[in-house]
Amino acid sequence: HISLSAGDGRGVTWLRYECADDLAVLCDNGAALAAATAARLGLDPLSTFRLRLAHPSAGSDAPPPPLPTPCTVGQALRWVADLRAAASKPLLRFLAAHAADPAEAARLRHLSSRAGKEEYAAHVVAAGRGAAELLQEMPSLSPPLGGLLELLPRLAPRYYTISSSPSLDRTTLHLTVKVLREPFRDAPHRTKLGVCSTQLEAAAAAAAAVAATA
């Protein structure tokens, strides 16, 4: 159960809501996972970088950058890239191109191929294998950060139904959240963690939270 402040306690509210409205919660990967991924890539989390177009001649036809830069490696890996999302097939092919071990490269190419469709669905999608886990499982991978950020999905807000009524108190709202922390069905040695629900659990135990609109 999460209680969020939506006002100043003196009747002034920053957020108007009705019972059963959805509240978007912006989560992050956590400092530990971001630091571990940076270390795995051989990068300093505090290093600052800037993304530039690989082909400047593309002009207005070029896709937008995956994130605003300059920023630090740690910021990109913690707040922007979804390191746990099931790896897409383009990402698998990109990782295969940066694998020093031929066996690891072949494995990734197979998973991204038509012949590996069923295994991809089971080993990657159903098993929730994202970039962070693949990097740990395959030590020969050495992908460049720019390409990795281009192919990783961005962290998306998680939506939770508000379980309180403003008719009682408009300056406070409540969420009732199930914390996702359970073994994978076909891999009990691996634990499935809810990116946002586990952070809300930690926030509720550590400090008060504030809800506001952008």
# chains A, B, ... in the order shown; residues from 1 in each chain; ligands from 1

$ residues_around --residues "Pro183 (chain A)" --least-positions-apart "4" --cutoff "12 Å" --atoms "only C-alpha atoms" --output "ChimeraX atom specification"
/A:127-128,187-194

$ select_by_dssp --residues "region 6-95 of chain A" --states "helix (DSSP H, G or I)" --output "PyMOL selection string"
chain A and resi 31-40+56-61+73-80+89-95

$ atom_distance --atom1 "CA of Leu23 (chain A)" --atom2 "CA of Thr69 (chain A)"
28.3 Å

$ atom_distance --atom1 "CA of Glu137 (chain A)" --atom2 "CA of Ala103 (chain A)"
12.7 Å

$ residues_around --residues "Leu83 (chain A)" --least-positions-apart "6" --cutoff "9 Å" --atoms "only C-alpha atoms" --output "JSON, numbers by chain"
{"A": [29, 33, 34, 37, 77, 130, 131, 132, 133, 152, 153, 154, 155]}

$ write_last_selection --atoms "C-alpha atoms" --output "compact mmCIF listing (two decimals), in the first residue's frame"
# COMPACT_ATOMS: atom_id res chain seq x y z
CA ASN A 29 16.59 0.64 -13.61
CA LEU A 33 21.93 -2.38 -12.32
CA ALA A 34 23.06 0.76 -14.17
CA THR A 37 25.95 -2.69 -16.84
CA LEU A 77 21.65 3.33 -18.34
CA GLY A 130 16.98 -8.30 -21.61
CA ALA A 131 20.24 -6.65 -22.60
CA ALA A 132 21.63 -6.54 -19.06
CA GLU A 133 21.20 -10.28 -18.56
CA LEU A 152 17.14 -0.55 -26.51
CA PRO A 153 13.55 0.54 -25.78
CA ARG A 154 13.06 3.51 -23.50
CA LEU A 155 11.77 2.98 -20.01

$ closest_residue --among "A:Val73, A:Met138, A:Leu168, A:Ile162" --to "Ala106 (chain A)" --atoms "only C-alpha atoms"
A:Met138

$ residues_around --residues "region 42-51 of chain A" --least-positions-apart "4" --cutoff "7 Å" --atoms "only C-alpha atoms" --output "PyMOL selection string"
chain A and resi 35+38+69-74+146

$ write_last_selection --atoms "C-alpha atoms" --output "PDB file, in the first residue's frame"
ATOM      1  CA  ALA A  35      26.490   0.597 -12.503  1.00  0.00           C
ATOM      2  CA  ALA A  38      28.379   0.213 -17.226  1.00  0.00           C
ATOM      3  CA  THR A  69      22.708  14.395 -24.765  1.00  0.00           C
ATOM      4  CA  PRO A  70      25.180  15.289 -23.381  1.00  0.00           C
ATOM      5  CA  CYS A  71      24.521  13.084 -20.377  1.00  0.00           C
ATOM      6  CA  THR A  72      26.469  10.581 -18.339  1.00  0.00           C
ATOM      7  CA  VAL A  73      26.710   6.866 -19.017  1.00  0.00           C
ATOM      8  CA  GLY A  74      25.080   6.219 -15.659  1.00  0.00           C
ATOM      9  CA  GLY A 146      25.727   4.373 -29.008  1.00  0.00           C
TER      10      GLY A 146
END

$ residues_around --residues "Arg129 (chain A)" --least-positions-apart "4" --cutoff "10 Å" --atoms "only C-alpha atoms" --output "list in words"
Leu83, Arg84, Ala85, Ala86, Ala87, Ser88, Tyr120, Ala122, His123, Val124, Val125, Glu133 and Leu134 of chain A

$ write_last_selection --atoms "N, CA and C atoms" --output "PDB file, in the first residue's frame"
ATOM      1  N   LEU A  83      16.822  -1.811 -19.612  1.00  0.00           N
ATOM      2  CA  LEU A  83      17.817  -2.882 -19.649  1.00  0.00           C
ATOM      3  C   LEU A  83      17.220  -4.260 -19.410  1.00  0.00           C
ATOM      4  N   ARG A  84      15.994  -4.307 -18.891  1.00  0.00           N
ATOM      5  CA  ARG A  84      15.369  -5.592 -18.580  1.00  0.00           C
ATOM      6  C   ARG A  84      14.353  -6.052 -19.615  1.00  0.00           C
ATOM      7  N   ALA A  85      13.935  -5.166 -20.502  1.00  0.00           N
ATOM      8  CA  ALA A  85      12.927  -5.533 -21.505  1.00  0.00           C
ATOM      9  C   ALA A  85      13.457  -6.660 -22.386  1.00  0.00           C
ATOM     10  N   ALA A  86      12.577  -7.600 -22.742  1.00  0.00           N
ATOM     11  CA  ALA A  86      12.984  -8.715 -23.599  1.00  0.00           C
ATOM     12  C   ALA A  86      13.664  -8.191 -24.862  1.00  0.00           C
ATOM     13  N   ALA A  87      14.830  -8.730 -25.154  1.00  0.00           N
ATOM     14  CA  ALA A  87      15.635  -8.236 -26.274  1.00  0.00           C
ATOM     15  C   ALA A  87      14.928  -8.464 -27.601  1.00  0.00           C
ATOM     16  N   SER A  88      14.927  -7.446 -28.430  1.00  0.00           N
ATOM     17  CA  SER A  88      14.330  -7.556 -29.763  1.00  0.00           C
ATOM     18  C   SER A  88      15.287  -8.322 -30.686  1.00  0.00           C
ATOM     19  N   TYR A 120      13.299 -18.365 -29.574  1.00  0.00           N
ATOM     20  CA  TYR A 120      13.318 -16.944 -29.199  1.00  0.00           C
ATOM     21  C   TYR A 120      12.131 -16.620 -28.298  1.00  0.00           C
ATOM     22  N   ALA A 122      10.538 -18.578 -26.333  1.00  0.00           N
ATOM     23  CA  ALA A 122      10.674 -19.204 -25.015  1.00  0.00           C
ATOM     24  C   ALA A 122      11.856 -18.645 -24.226  1.00  0.00           C
ATOM     25  N   HIS A 123      13.011 -18.544 -24.879  1.00  0.00           N
ATOM     26  CA  HIS A 123      14.249 -18.197 -24.166  1.00  0.00           C
ATOM     27  C   HIS A 123      14.380 -16.704 -23.904  1.00  0.00           C
ATOM     28  N   VAL A 124      13.808 -15.881 -24.772  1.00  0.00           N
ATOM     29  CA  VAL A 124      13.972 -14.427 -24.637  1.00  0.00           C
ATOM     30  C   VAL A 124      12.674 -13.759 -24.171  1.00  0.00           C
ATOM     31  N   VAL A 125      11.588 -13.959 -24.915  1.00  0.00           N
ATOM     32  CA  VAL A 125      10.356 -13.238 -24.607  1.00  0.00           C
ATOM     33  C   VAL A 125       9.717 -13.762 -23.325  1.00  0.00           C
ATOM     34  N   GLU A 133      20.959  -8.859 -18.854  1.00  0.00           N
ATOM     35  CA  GLU A 133      21.198 -10.278 -18.556  1.00  0.00           C
ATOM     36  C   GLU A 133      22.009 -10.953 -19.660  1.00  0.00           C
ATOM     37  N   LEU A 134      21.736 -10.618 -20.905  1.00  0.00           N
ATOM     38  CA  LEU A 134      22.493 -11.208 -22.005  1.00  0.00           C
ATOM     39  C   LEU A 134      23.970 -10.821 -21.928  1.00  0.00           C
TER      40      LEU A 134
END

$ select_by_dssp --residues "region 32-124 of chain A" --states "strand (DSSP E)" --output "PyMOL selection string"
chain A and resi 48-49+71-72
